[in-house]
file my_file-v4.txt (compact mmCIF, C-alpha atoms)
# COMPACT_ATOMS: atom_id res chain seq x y z
CA MET A 26 234.84 50.65 299.44
CA ALA A 27 238.07 50.96 301.45
CA ALA A 28 238.60 54.09 303.53
CA PRO A 29 241.17 56.57 302.24
CA PRO A 30 244.65 56.03 303.67
CA HIS A 31 244.43 59.07 305.92
CA VAL A 32 241.05 58.11 307.38
CA LEU A 33 240.99 55.68 310.31
CA PRO A 34 238.34 52.96 310.03
CA PHE A 35 235.45 53.25 312.46
CA LEU A 36 235.61 51.02 315.53
CA SER A 37 232.60 50.31 317.68
CA PRO A 38 233.09 50.86 321.42
CA SER A 39 233.08 47.08 322.03
CA SER A 40 235.58 46.32 319.27
CA ALA A 41 237.76 49.24 320.34
CA SER A 42 237.72 47.93 323.89
CA ALA A 43 238.64 44.45 322.69
CA SER A 44 241.48 45.81 320.59
CA LEU A 45 242.88 47.60 323.62
CA ARG A 46 242.41 44.58 325.91
CA ALA A 47 244.21 42.12 323.60
CA PRO A 48 247.58 43.87 323.55
CA SER A 49 247.26 44.49 327.28
CA GLY A 50 246.57 40.78 327.85
CA ARG A 51 249.50 39.82 325.69
CA ARG A 52 251.70 42.26 327.55
CA ARG A 53 250.51 40.86 330.88
CA ALA A 54 251.17 37.27 329.75
CA ALA A 55 254.59 38.26 328.47
CA GLY A 56 255.28 39.99 331.76
CA LEU A 57 254.31 36.87 333.70
CA ARG A 58 256.57 34.73 331.51
CA CYS A 59 259.47 37.14 332.04
CA ALA A 60 258.83 37.17 335.79
CA ALA A 61 258.76 33.35 335.87
CA ALA A 62 261.98 33.17 333.85
CA ALA A 63 263.62 35.73 336.11
CA GLY A 64 262.48 33.77 339.16
CA GLN A 65 263.96 30.55 337.81
CA ALA A 66 267.20 32.29 336.87
CA GLY A 67 267.38 33.76 340.38
CA PHE A 68 266.75 30.33 341.91
CA PHE A 69 269.60 28.72 339.99
CA THR A 70 271.97 31.61 340.72
CA ARG A 71 271.23 31.32 344.45
CA LEU A 72 271.54 27.52 344.32
CA GLY A 73 274.97 27.65 342.67
CA ARG A 74 276.15 30.31 345.10
CA LEU A 75 274.88 28.47 348.18
CA ILE A 76 276.62 25.25 347.19
CA LYS A 77 279.85 27.16 346.51
CA GLU A 78 279.64 28.99 349.85
CA LYS A 79 279.31 25.69 351.69
CA ALA A 80 282.84 24.86 350.52
CA LYS A 81 284.23 27.66 352.65
CA SER A 82 282.51 26.29 355.76
CA ASP A 83 283.81 22.74 355.19
CA VAL A 84 287.52 23.55 355.29
CA ASP A 85 288.19 20.87 357.93
CA LYS A 86 287.00 18.15 355.54
CA LEU A 87 289.27 19.55 352.85
CA PHE A 88 292.28 19.54 355.19
CA SER A 89 291.69 15.94 356.26
CA GLY A 90 291.08 14.89 352.66
CA PHE A 91 294.44 16.24 351.50
CA SER A 92 296.45 15.01 354.48
CA LYS A 93 298.63 12.70 352.34
CA THR A 94 299.47 15.42 349.83
CA ARG A 95 300.19 17.84 352.68
CA GLU A 96 302.48 15.29 354.30
CA ASN A 97 304.32 14.95 350.99
CA LEU A 98 304.78 18.72 350.77
CA SER A 99 305.85 19.15 354.40
CA VAL A 100 309.40 19.04 353.07
CA VAL A 101 308.80 22.57 351.77
CA ASP A 102 308.92 23.96 355.30
CA GLU A 103 312.02 21.94 356.09
CA LEU A 104 313.74 23.30 352.99
CA LEU A 105 312.77 26.92 353.57
CA THR A 106 313.13 27.26 357.35
CA TYR A 107 316.91 27.70 357.18
CA TRP A 108 317.13 28.93 353.61
CA ASN A 109 319.91 31.33 352.68
CA LEU A 110 320.92 32.82 349.35
CA ALA A 111 323.93 30.54 348.91
CA ASP A 112 321.66 27.47 349.08
CA THR A 113 319.17 28.70 346.49
CA ASP A 114 319.92 26.21 343.71
CA ARG A 115 319.93 23.19 346.01
CA VAL A 116 316.73 24.23 347.78
CA LEU A 117 314.90 24.93 344.53
CA ASP A 118 315.99 21.56 343.09
CA ASP A 119 314.59 19.79 346.16
CA LEU A 120 311.42 21.88 345.98
CA GLU A 121 310.98 20.91 342.33
CA GLU A 122 311.30 17.24 343.27
CA ALA A 123 308.63 17.63 345.99
CA LEU A 124 306.21 19.13 343.46
CA LEU A 125 306.88 16.36 340.95
CA VAL A 126 306.28 13.65 343.57
CA SER A 127 302.90 15.27 344.33
CA ASP A 128 301.96 15.08 340.63
CA PHE A 129 302.10 18.74 339.74
CA GLY A 130 303.69 17.55 336.52
CA PRO A 131 307.02 18.56 334.93
CA LYS A 132 305.74 21.59 333.06
CA ILE A 133 304.08 23.20 336.07
CA SER A 134 306.86 22.26 338.50
CA PHE A 135 309.55 23.75 336.24
CA ARG A 136 307.48 26.89 335.65
CA ILE A 137 306.89 27.47 339.37
CA VAL A 138 310.54 26.92 340.30
CA ASP A 139 311.75 29.20 337.47
CA THR A 140 309.41 31.93 338.71
CA LEU A 141 310.75 31.59 342.26
CA ARG A 142 314.34 31.61 341.01
CA ASP A 143 313.75 34.83 339.05
CA GLU A 144 312.08 36.52 342.03
CA ILE A 145 314.94 35.52 344.35
CA ARG A 146 317.52 36.75 341.84
CA ASP A 147 315.67 40.08 341.48
CA GLY A 148 315.65 40.56 345.24
CA LYS A 149 311.86 40.24 345.57
CA LEU A 150 312.07 37.25 347.92
CA LYS A 151 314.42 37.52 350.87
CA SER A 152 313.27 34.85 353.32
CA GLY A 153 311.92 31.31 353.42
CA SER A 154 308.45 32.55 354.43
CA GLU A 155 308.36 34.90 351.42
CA ILE A 156 309.36 32.04 349.08
CA LYS A 157 306.58 29.83 350.48
CA ALA A 158 304.04 32.63 350.10
CA SER A 159 305.12 33.15 346.50
CA LEU A 160 304.93 29.39 345.84
CA LYS A 161 301.31 29.31 347.07
CA ARG A 162 300.49 32.42 345.05
CA CYS A 163 301.89 30.81 341.87
CA ILE A 164 299.67 27.75 342.33
CA LEU A 165 296.61 29.86 343.07
CA ASP A 166 297.26 31.96 339.95
CA LEU A 167 297.46 28.79 337.83
CA LEU A 168 294.09 27.63 339.16
CA THR A 169 292.27 30.93 338.88
CA SER A 170 293.63 32.07 335.52
CA LYS A 171 292.37 29.02 333.62
CA GLY A 172 289.75 27.43 335.86
CA SER A 173 288.02 30.25 337.67
CA ASN A 174 284.41 29.36 336.75
CA THR A 175 284.00 26.73 339.45
CA GLU A 176 280.33 27.52 340.17
CA LEU A 177 277.79 25.28 338.50
CA LYS A 178 276.20 26.96 335.47
CA LEU A 179 272.58 25.91 335.76
CA GLY A 180 271.05 28.16 333.16
CA PHE A 181 267.95 30.32 333.44
CA ARG A 182 265.00 27.93 333.33
CA LYS A 183 263.87 24.69 334.86
CA PRO A 184 264.97 22.01 334.76
CA ALA A 185 268.75 22.40 334.81
CA VAL A 186 270.28 19.24 333.32
CA ILE A 187 273.63 17.86 334.47
CA MET A 188 275.25 14.98 332.57
CA ILE A 189 277.85 12.85 334.39
CA VAL A 190 280.47 10.99 332.31
CA GLY A 191 283.69 9.07 332.91
CA VAL A 192 285.52 5.74 332.77
CA ASN A 193 284.55 2.62 334.71
CA GLY A 194 285.23 2.71 338.43
CA GLY A 195 285.86 6.44 338.69
CA GLY A 196 282.91 7.06 340.99
CA LYS A 197 280.28 8.51 338.62
CA THR A 198 277.17 7.05 340.24
CA THR A 199 278.35 7.80 343.77
CA SER A 200 279.24 11.37 342.77
CA LEU A 201 275.80 11.82 341.23
CA GLY A 202 274.16 10.60 344.44
CA LYS A 203 276.22 13.00 346.54
CA LEU A 204 275.34 15.86 344.19
CA ALA A 205 271.66 15.00 344.62
CA HIS A 206 272.14 15.15 348.39
CA ARG A 207 273.60 18.65 348.14
CA PHE A 208 270.83 19.89 345.86
CA LYS A 209 268.09 18.41 348.06
CA ASN A 210 269.62 20.05 351.12
CA GLU A 211 269.19 23.42 349.37
CA GLY A 212 265.52 22.74 348.65
CA ALA A 213 265.76 21.66 344.99
CA LYS A 214 263.39 19.12 343.43
CA VAL A 215 265.71 16.49 341.93
CA LEU A 216 265.14 13.84 339.26
CA MET A 217 267.76 11.17 338.56
CA ALA A 218 268.18 9.36 335.23
CA ALA A 219 269.69 5.86 335.28
CA GLY A 220 271.50 6.17 331.96
CA ASP A 221 274.05 3.45 332.77
CA THR A 222 272.13 0.73 330.93
CA PHE A 223 275.16 -1.56 330.56
CA ARG A 224 275.56 -2.29 334.25
CA ALA A 225 272.51 -3.49 336.18
CA ALA A 226 274.25 -2.78 339.48
CA ALA A 227 274.54 0.91 338.53
CA ARG A 228 270.76 1.20 338.20
CA ASP A 229 270.27 -0.55 341.55
CA GLN A 230 272.89 1.71 343.13
CA LEU A 231 271.17 4.83 341.78
CA GLU A 232 267.79 3.63 343.07
CA VAL A 233 269.34 3.37 346.54
CA TRP A 234 270.68 6.93 346.20
CA ALA A 235 267.25 8.16 345.04
CA GLU A 236 265.61 6.66 348.11
CA ARG A 237 268.37 7.92 350.39
CA THR A 238 268.13 11.51 349.13
CA GLY A 239 264.38 11.66 348.55
CA SER A 240 264.81 12.13 344.80
CA GLU A 241 262.71 10.76 341.95
CA ILE A 242 264.27 8.47 339.35
CA VAL A 243 263.72 7.39 335.73
CA ILE A 244 264.90 3.84 334.99
CA ASP A 245 264.81 1.37 332.12
CA LYS A 246 261.97 -0.82 333.43
CA ASP A 247 262.14 -3.52 330.79
CA LYS A 248 265.96 -3.54 330.79
CA LYS A 249 266.03 -3.22 327.01
CA ALA A 250 266.09 0.54 326.43
CA GLN A 251 269.25 2.31 325.32
CA ALA A 252 270.83 5.14 327.31
CA PRO A 253 269.68 7.94 324.92
CA SER A 254 266.05 6.81 325.36
CA VAL A 255 266.27 6.81 329.17
CA LEU A 256 267.90 10.23 329.29
CA SER A 257 265.41 11.72 326.83
CA GLN A 258 262.51 10.42 328.93
CA ALA A 259 264.06 11.89 332.07
CA VAL A 260 264.56 15.36 330.59
CA LYS A 261 261.00 15.38 329.21
CA ARG A 262 259.61 14.33 332.58
CA GLY A 263 261.74 16.93 334.34
CA LYS A 264 260.28 19.62 332.11
CA ARG A 265 256.70 18.31 332.33
CA GLU A 266 256.63 17.88 336.11
CA GLY A 267 258.56 20.99 337.10
CA PHE A 268 261.74 19.47 338.50
CA ASP A 269 264.56 21.88 339.31
CA ILE A 270 267.47 19.53 338.53
CA VAL A 271 267.82 16.45 336.31
CA LEU A 272 270.98 14.44 337.07
CA CYS A 273 271.89 12.08 334.22
CA ASP A 274 274.10 9.07 334.88
CA THR A 275 275.89 7.39 331.94
CA SER A 276 277.72 4.12 331.43
CA GLY A 277 281.41 4.03 332.23
CA ARG A 278 283.57 3.71 329.15
CA LEU A 279 287.23 3.72 328.26
CA HIS A 280 288.25 6.86 326.42
CA THR A 281 289.83 4.59 323.77
CA ASN A 282 286.49 2.90 322.91
CA TYR A 283 285.34 5.25 320.16
CA GLY A 284 282.01 3.49 319.57
CA LEU A 285 280.92 4.00 323.17
CA MET A 286 282.33 7.53 323.20
CA GLU A 287 280.15 8.37 320.20
CA GLU A 288 277.11 7.17 322.16
CA LEU A 289 277.70 10.10 324.52
CA VAL A 290 277.26 12.45 321.56
CA THR A 291 273.89 10.82 320.84
CA CYS A 292 272.89 11.15 324.50
CA LYS A 293 273.74 14.82 324.44
CA LYS A 294 271.76 15.38 321.23
CA VAL A 295 268.57 13.72 322.47
CA MET A 296 268.67 15.79 325.66
CA ALA A 297 269.03 18.98 323.62
CA LYS A 298 266.10 17.89 321.45
CA ALA A 299 263.93 17.29 324.52
CA LEU A 300 264.98 20.60 326.08
CA PRO A 301 266.90 23.19 324.02
CA GLY A 302 270.10 24.16 325.80
CA ALA A 303 270.41 20.87 327.71
CA PRO A 304 272.64 19.67 329.20
CA ASN A 305 273.70 22.76 331.16
CA GLU A 306 276.76 20.98 332.53
CA VAL A 307 278.76 17.97 331.33
CA LEU A 308 280.88 16.88 334.29
CA LEU A 309 283.72 14.40 333.84
CA VAL A 310 284.51 12.26 336.89
CA LEU A 311 288.24 11.55 337.22
CA ASP A 312 289.87 9.18 339.69
CA GLY A 313 292.47 11.18 341.62
CA THR A 314 294.53 8.07 342.41
CA THR A 315 295.52 7.85 338.73
CA GLY A 316 297.36 11.16 339.00
CA LEU A 317 298.65 12.60 335.74
CA ASN A 318 297.33 9.57 333.84
CA MET A 319 293.92 11.23 333.99
CA LEU A 320 295.01 13.92 331.52
CA GLN A 321 294.63 11.76 328.43
CA GLN A 322 291.17 10.64 329.55
CA ALA A 323 290.17 14.25 330.05
CA ARG A 324 291.42 15.28 326.60
CA GLU A 325 289.53 12.47 324.84
CA PHE A 326 286.25 13.08 326.65
CA ASN A 327 286.50 16.80 326.07
CA ASP A 328 287.15 16.35 322.36
CA VAL A 329 284.11 14.09 321.97
CA VAL A 330 281.45 15.54 324.24
CA GLY A 331 282.67 18.96 325.40
CA ILE A 332 283.39 18.89 329.12
CA THR A 333 282.32 21.91 331.21
CA GLY A 334 283.86 20.84 334.51
CA PHE A 335 285.63 18.09 336.45
CA ILE A 336 284.76 16.08 339.53
CA LEU A 337 288.00 14.69 340.99
CA THR A 338 287.35 11.74 343.29
CA LYS A 339 289.34 9.65 345.81
CA LEU A 340 291.82 12.42 346.53
CA ASP A 341 291.83 11.41 350.20
CA GLY A 342 293.50 8.12 349.26
CA THR A 343 296.45 9.61 347.39
CA ALA A 344 299.35 12.01 347.81
CA ARG A 345 298.84 13.20 344.22
CA GLY A 346 296.86 16.35 344.97
CA GLY A 347 298.97 18.29 342.48
CA CYS A 348 297.01 16.62 339.67
CA VAL A 349 294.21 19.10 340.41
CA VAL A 350 296.47 21.91 339.21
CA SER A 351 297.76 19.89 336.26
CA VAL A 352 294.34 19.09 334.83
CA VAL A 353 293.20 22.72 335.05
CA ASP A 354 296.40 24.08 333.55
CA GLU A 355 296.52 21.55 330.70
CA LEU A 356 292.89 21.83 329.59
CA GLY A 357 291.63 25.18 330.89
CA ILE A 358 288.52 23.47 332.28
CA PRO A 359 287.54 24.18 335.91
CA VAL A 360 287.34 21.62 338.70
CA LYS A 361 283.80 21.92 340.10
CA PHE A 362 283.89 19.29 342.87
CA ILE A 363 286.48 17.17 344.65
CA GLY A 364 285.97 13.93 346.56
CA VAL A 365 287.86 13.92 349.86
CA GLY A 366 286.22 10.98 351.65
CA GLU A 367 283.56 8.28 351.65
CA GLY A 368 280.86 10.27 353.47
CA VAL A 369 277.84 11.79 351.74
CA GLU A 370 279.14 15.28 352.61
CA ASP A 371 282.64 14.55 351.31
CA LEU A 372 282.02 15.65 347.72
CA GLN A 373 283.18 19.21 348.19
CA PRO A 374 282.63 22.22 345.90
CA PHE A 375 286.08 23.21 344.72
CA ASP A 376 287.54 26.41 346.11
CA ALA A 377 291.02 27.30 344.84
CA GLU A 378 292.14 29.29 347.90
CA ALA A 379 290.98 26.61 350.32
CA PHE A 380 292.72 23.95 348.21
CA VAL A 381 296.08 25.77 348.26
CA GLU A 382 295.85 26.21 352.03
CA ALA A 383 294.93 22.54 352.46
CA ILE A 384 297.87 21.03 350.57
CA PHE A 385 300.58 23.03 352.36
CA PRO A 386 301.36 22.49 356.05
call {"tool": "encode", "arguments": {"input": "my_file-v4.txt", "output": "structure tokens"}}
result
Amino acid sequence: MAAPPHVLPFLSPSSASASLRAPSGRRRAAGLRCAAAAGQAGFFTRLGRLIKEKAKSDVDKLFSGFSKTRENLSVVDELLTYWNLADTDRVLDDLEEALLVSDFGPKISFRIVDTLRDEIRDGKLKSGSEIKASLKRCILDLLTSKGSNTELKLGFRKPAVIMIVGVNGGGKTTSLGKLAHRFKNEGAKVLMAAGDTFRAAARDQLEVWAERTGSEIVIDKDKKAQAPSVLSQAVKRGKREGFDIVLCDTSGRLHTNYGLMEELVTCKKVMAKALPGAPNEVLLVLDGTTGLNMLQQAREFNDVVGITGFILTKLDGTARGGCVVSVVDELGIPVKFIGVGEGVEDLQPFDAEAFVEAIFP
């Protein structure tokens, strides 16, 4: 016969003790899980911050990497040194041309020059040095208003998964190797995934980078597996073996090849199935020597796979540094890293203030 509702059923001392221990054990387990999650979140926060802070200490590399763009923009000082109010229109026209030549793009160049013209007309700028300071401030505002989240977003649990995409020859595999180098230097346990299954040389190249950086690697051993299979295996292994970072390479593809572009969607889906929330970052590698031509690539890749950040490479070989501003302004997606040389340390975390200082003499 059941006890009346207001009467508590009798519990023996042993069963009462067990009933008290069970919730306590569950609470303790939950507490340990929360602590582990908090620890992982703290690790990734520190890792992202450390890598970003290194950018501020590597300013010399940034300056040397943008030497050609800075040389192009040296005309700014020549124009503004002897500026006077009567010469405003001529000086601003020449300034606009200098910005266009450096691939800032028509829309941005016109907007910057119109802002300067208005400030001169309103009496806010009264000297060449003030105009230059305002010019730099305009560019910095463009970068920070739409692309301020330049730190890597690595999530709150291990492993963080980063997917690298782009067209052929942009520098995807090299960029991935240099990223691995940075992560390893900060003490992270890194796993690479050779997802470029179309090009045998890419797998060989990534194996060299794995050995060079002391990273582990997942490859297609029988040379028959498709990219989604390789990437899925890598994410599962990363989770199973406690890796901090899984870096996923993919085959280069033209943004106009819609069949191959759709494969990226499949790759992203299988990673998410293996680890909910993956990938944490989808980074598009863009060749800086193509200048404004990169914008259409960026739009197509973003529409298909959802880009979270850009890696702009080969900027040391071009005077088109203004394309950095153009791509951020056009798409509202931050630049996370820039390539300013061939060395392993020359993939630099992007810092907007340092960039503005580097492109102007």
call {"tool": "closest_atom_pairs", "arguments": {"input": "my_file-v4.txt", "of": "segment 218-336 of chain A", "to": "segment 204-211 of chain A", "cutoff": "8 Å", "atoms": "all atoms listed in the file", "output": "JSON lines"}}
result
{"residue": "A:Thr238", "atom": "CA", "partner": "A:His206", "partner_atom": "CA", "distance": 5.5}
{"residue": "A:Gly239", "atom": "CA", "partner": "A:Lys209", "partner_atom": "CA", "distance": 7.7}
{"residue": "A:Ser240", "atom": "CA", "partner": "A:Ala205", "partner_atom": "CA", "distance": 7.4}
{"residue": "A:Leu272", "atom": "CA", "partner": "A:Ala205", "partner_atom": "CA", "distance": 7.6}
call {"tool": "closest_atom_pairs", "arguments": {"input": "my_file-v4.txt", "of": "segment 266-359 of chain A", "to": "segment 185-196 of chain A", "cutoff": "8 Å", "atoms": "only C-alpha atoms", "output": "Markdown table"}}
result
| residue | atom | partner | partner_atom | distance |
| --- | --- | --- | --- | --- |
| A:Asp269 | CA | A:Ala185 | CA | 6.2 |
| A:Ile270 | CA | A:Ala185 | CA | 4.9 |
| A:Val271 | CA | A:Val186 | CA | 4.8 |
| A:Leu272 | CA | A:Ile187 | CA | 5.0 |
| A:Cys273 | CA | A:Met188 | CA | 4.7 |
| A:Asp274 | CA | A:Ile189 | CA | 5.3 |
| A:Thr275 | CA | A:Val190 | CA | 5.8 |
| A:Ser276 | CA | A:Val190 | CA | 7.5 |
| A:Gly277 | CA | A:Asn193 | CA | 4.2 |
| A:Arg278 | CA | A:Val192 | CA | 4.6 |
| A:Leu279 | CA | A:Val192 | CA | 5.2 |
| A:His280 | CA | A:Val192 | CA | 7.0 |
| A:Ala303 | CA | A:Val186 | CA | 5.8 |
| A:Pro304 | CA | A:Val186 | CA | 4.8 |
| A:Asn305 | CA | A:Val186 | CA | 5.4 |
| A:Glu306 | CA | A:Ile187 | CA | 4.8 |
| A:Val307 | CA | A:Met188 | CA | 4.8 |
| A:Leu308 | CA | A:Ile189 | CA | 5.0 |
| A:Leu309 | CA | A:Val190 | CA | 5.0 |
| A:Val310 | CA | A:Gly191 | CA | 5.2 |
| A:Leu311 | CA | A:Gly195 | CA | 5.8 |
| A:Asp312 | CA | A:Gly195 | CA | 5.0 |
| A:Phe326 | CA | A:Gly191 | CA | 7.9 |
| A:Thr338 | CA | A:Gly196 | CA | 6.8 |
call {"tool": "residues_near_point", "arguments": {"input": "my_file-v4.txt", "point": "(270.1, 7.7, 337.8)", "cutoff": "7 Å", "atoms": "all atoms listed in the file", "output": "MDAnalysis selection string"}}
result
chainID A and resid 217:220 228 231 242:243 272:274
call {"tool": "closest_residue", "arguments": {"input": "my_file-v4.txt", "among": "A:Leu289, A:Leu125, A:Trp108, A:Asp376", "to": "Lys157 of chain A", "atoms": "all atoms listed in the file"}}
result
A:Trp108
call {"tool": "atom_distance", "arguments": {"input": "my_file-v4.txt", "atom1": "atom CA of Glu176 of chain A", "atom2": "atom CA of Pro374 of chain A"}}
result
8.1 Å
call {"tool": "closest_residue", "arguments": {"input": "my_file-v4.txt", "among": "A:Leu141, A:Ala252, A:Val381, A:Leu177", "to": "Lys294 of chain A", "atoms": "all atoms listed in the file"}}
result
A:Ala252
call {"tool": "atom_distance", "arguments": {"input": "my_file-v4.txt", "atom1": "atom CA of Ser99 of chain A", "atom2": "atom CA of Asp354 of chain A"}}
result
23.4 Å
call {"tool": "residues_around", "arguments": {"input": "my_file-v4.txt", "residues": "Arg136 of chain A", "least_positions_apart": "5", "cutoff": "10 Å", "atoms": "all atoms listed in the file", "output": "ChimeraX atom specification"}}
result
/A:121,131,141-142,163
call {"tool": "closest_residue", "arguments": {"input": "my_file-v4.txt", "among": "A:Val369, A:Leu356, A:Ala383, A:Ile145", "to": "Lys171 of chain A", "atoms": "only C-alpha atoms"}}
result
A:Leu356
call {"tool": "residues_around", "arguments": {"input": "my_file-v4.txt", "residues": "Val353 of chain A", "least_positions_apart": "2", "cutoff": "10 Å", "atoms": "only C-alpha atoms", "output": "list of chain:residue names"}}
result
A:Leu167, A:Leu168, A:Thr169, A:Ser170, A:Lys171, A:Gly172, A:Ser173, A:Leu320, A:Gly334, A:Phe335, A:Cys348, A:Val349, A:Val350, A:Ser351, A:Glu355, A:Leu356, A:Gly357, A:Ile358, A:Pro359, A:Val360
call {"tool": "atom_distance", "arguments": {"input": "my_file-v4.txt", "atom1": "atom CA of Phe88 of chain A", "atom2": "atom CA of Asp128 of chain A"}}
result
18.0 Å
call {"tool": "axis_aligned_box", "arguments": {"input": "my_file-v4.txt", "around": "segment 232-236 of chain A", "padding_each_side": "5 Å", "output": "JSON"}}
result
{"center_x": 268.1, "center_y": 5.8, "center_z": 345.6, "size_x": 15.1, "size_y": 14.8, "size_z": 15.0}
call {"tool": "residues_around", "arguments": {"input": "my_file-v4.txt", "residues": "Leu124 of chain A", "least_positions_apart": "6", "cutoff": "9 Å", "atoms": "all atoms listed in the file", "output": "PyMOL selection string"}}
result
chain A and resi 97-98+130-131+133-134+347
call {"tool": "write_last_selection", "arguments": {"input": "my_file-v4.txt", "atoms": "C-alpha atoms", "output": "short mmCIF file (atom, residue, chain, number, x, y, z; two decimals), in the coordinates of the input"}}
result
data_model
loop_
_atom_site.label_atom_id
_atom_site.label_comp_id
_atom_site.auth_asym_id
_atom_site.auth_seq_id
_atom_site.Cartn_x
_atom_site.Cartn_y
_atom_site.Cartn_z
CA ASN A 97 304.32 14.95 350.99
CA LEU A 98 304.78 18.72 350.77
CA GLY A 130 303.69 17.55 336.52
CA PRO A 131 307.02 18.56 334.93
CA ILE A 133 304.08 23.20 336.07
CA SER A 134 306.86 22.26 338.50
CA GLY A 347 298.97 18.29 342.48
#
call {"tool": "residues_near_point", "arguments": {"input": "my_file-v4.txt", "point": "(300.8, 9.9, 341.8)", "cutoff": "9 Å", "atoms": "only C-alpha atoms", "output": "short mmCIF file (atom, residue, chain, number, x, y, z; two decimals) with C-alpha atoms, in the frame of the given file"}}
result
data_model
loop_
_atom_site.label_atom_id
_atom_site.label_comp_id
_atom_site.auth_asym_id
_atom_site.auth_seq_id
_atom_site.Cartn_x
_atom_site.Cartn_y
_atom_site.Cartn_z
CA LEU A 125 306.88 16.36 340.95
CA VAL A 126 306.28 13.65 343.57
CA SER A 127 302.90 15.27 344.33
CA ASP A 128 301.96 15.08 340.63
CA GLY A 313 292.47 11.18 341.62
CA THR A 314 294.53 8.07 342.41
CA THR A 315 295.52 7.85 338.73
CA GLY A 316 297.36 11.16 339.00
CA LEU A 317 298.65 12.60 335.74
CA ASN A 318 297.33 9.57 333.84
CA THR A 343 296.45 9.61 347.39
CA ALA A 344 299.35 12.01 347.81
CA ARG A 345 298.84 13.20 344.22
CA GLY A 346 296.86 16.35 344.97
CA GLY A 347 298.97 18.29 342.48
CA CYS A 348 297.01 16.62 339.67
#
call {"tool": "residues_around", "arguments": {"input": "my_file-v4.txt", "residues": "Arg146 of chain A", "least_positions_apart": "3", "cutoff": "12 Å", "atoms": "all atoms listed in the file", "output": "PDB file with C-alpha atoms, in the coordinates of the input"}}
result
ATOM      1  CA  LEU A 110     320.920  32.820 349.350  1.00  0.00           C
ATOM      2  CA  ALA A 111     323.930  30.540 348.910  1.00  0.00           C
ATOM      3  CA  THR A 113     319.170  28.700 346.490  1.00  0.00           C
ATOM      4  CA  ASP A 114     319.920  26.210 343.710  1.00  0.00           C
ATOM      5  CA  ASP A 139     311.750  29.200 337.470  1.00  0.00           C
ATOM      6  CA  THR A 140     309.410  31.930 338.710  1.00  0.00           C
ATOM      7  CA  LEU A 141     310.750  31.590 342.260  1.00  0.00           C
ATOM      8  CA  ARG A 142     314.340  31.610 341.010  1.00  0.00           C
ATOM      9  CA  ASP A 143     313.750  34.830 339.050  1.00  0.00           C
ATOM     10  CA  LYS A 149     311.860  40.240 345.570  1.00  0.00           C
ATOM     11  CA  LEU A 150     312.070  37.250 347.920  1.00  0.00           C
ATOM     12  CA  LYS A 151     314.420  37.520 350.870  1.00  0.00           C
ATOM     13  CA  ILE A 156     309.360  32.040 349.080  1.00  0.00           C
TER      14      ILE A 156
END
call {"tool": "residues_around", "arguments": {"input": "my_file-v4.txt", "residues": "Gly366 of chain A", "least_positions_apart": "6", "cutoff": "9 Å", "atoms": "all atoms listed in the file", "output": "PyMOL selection string"}}
result
chain A and resi 86+89-90+338-342+372
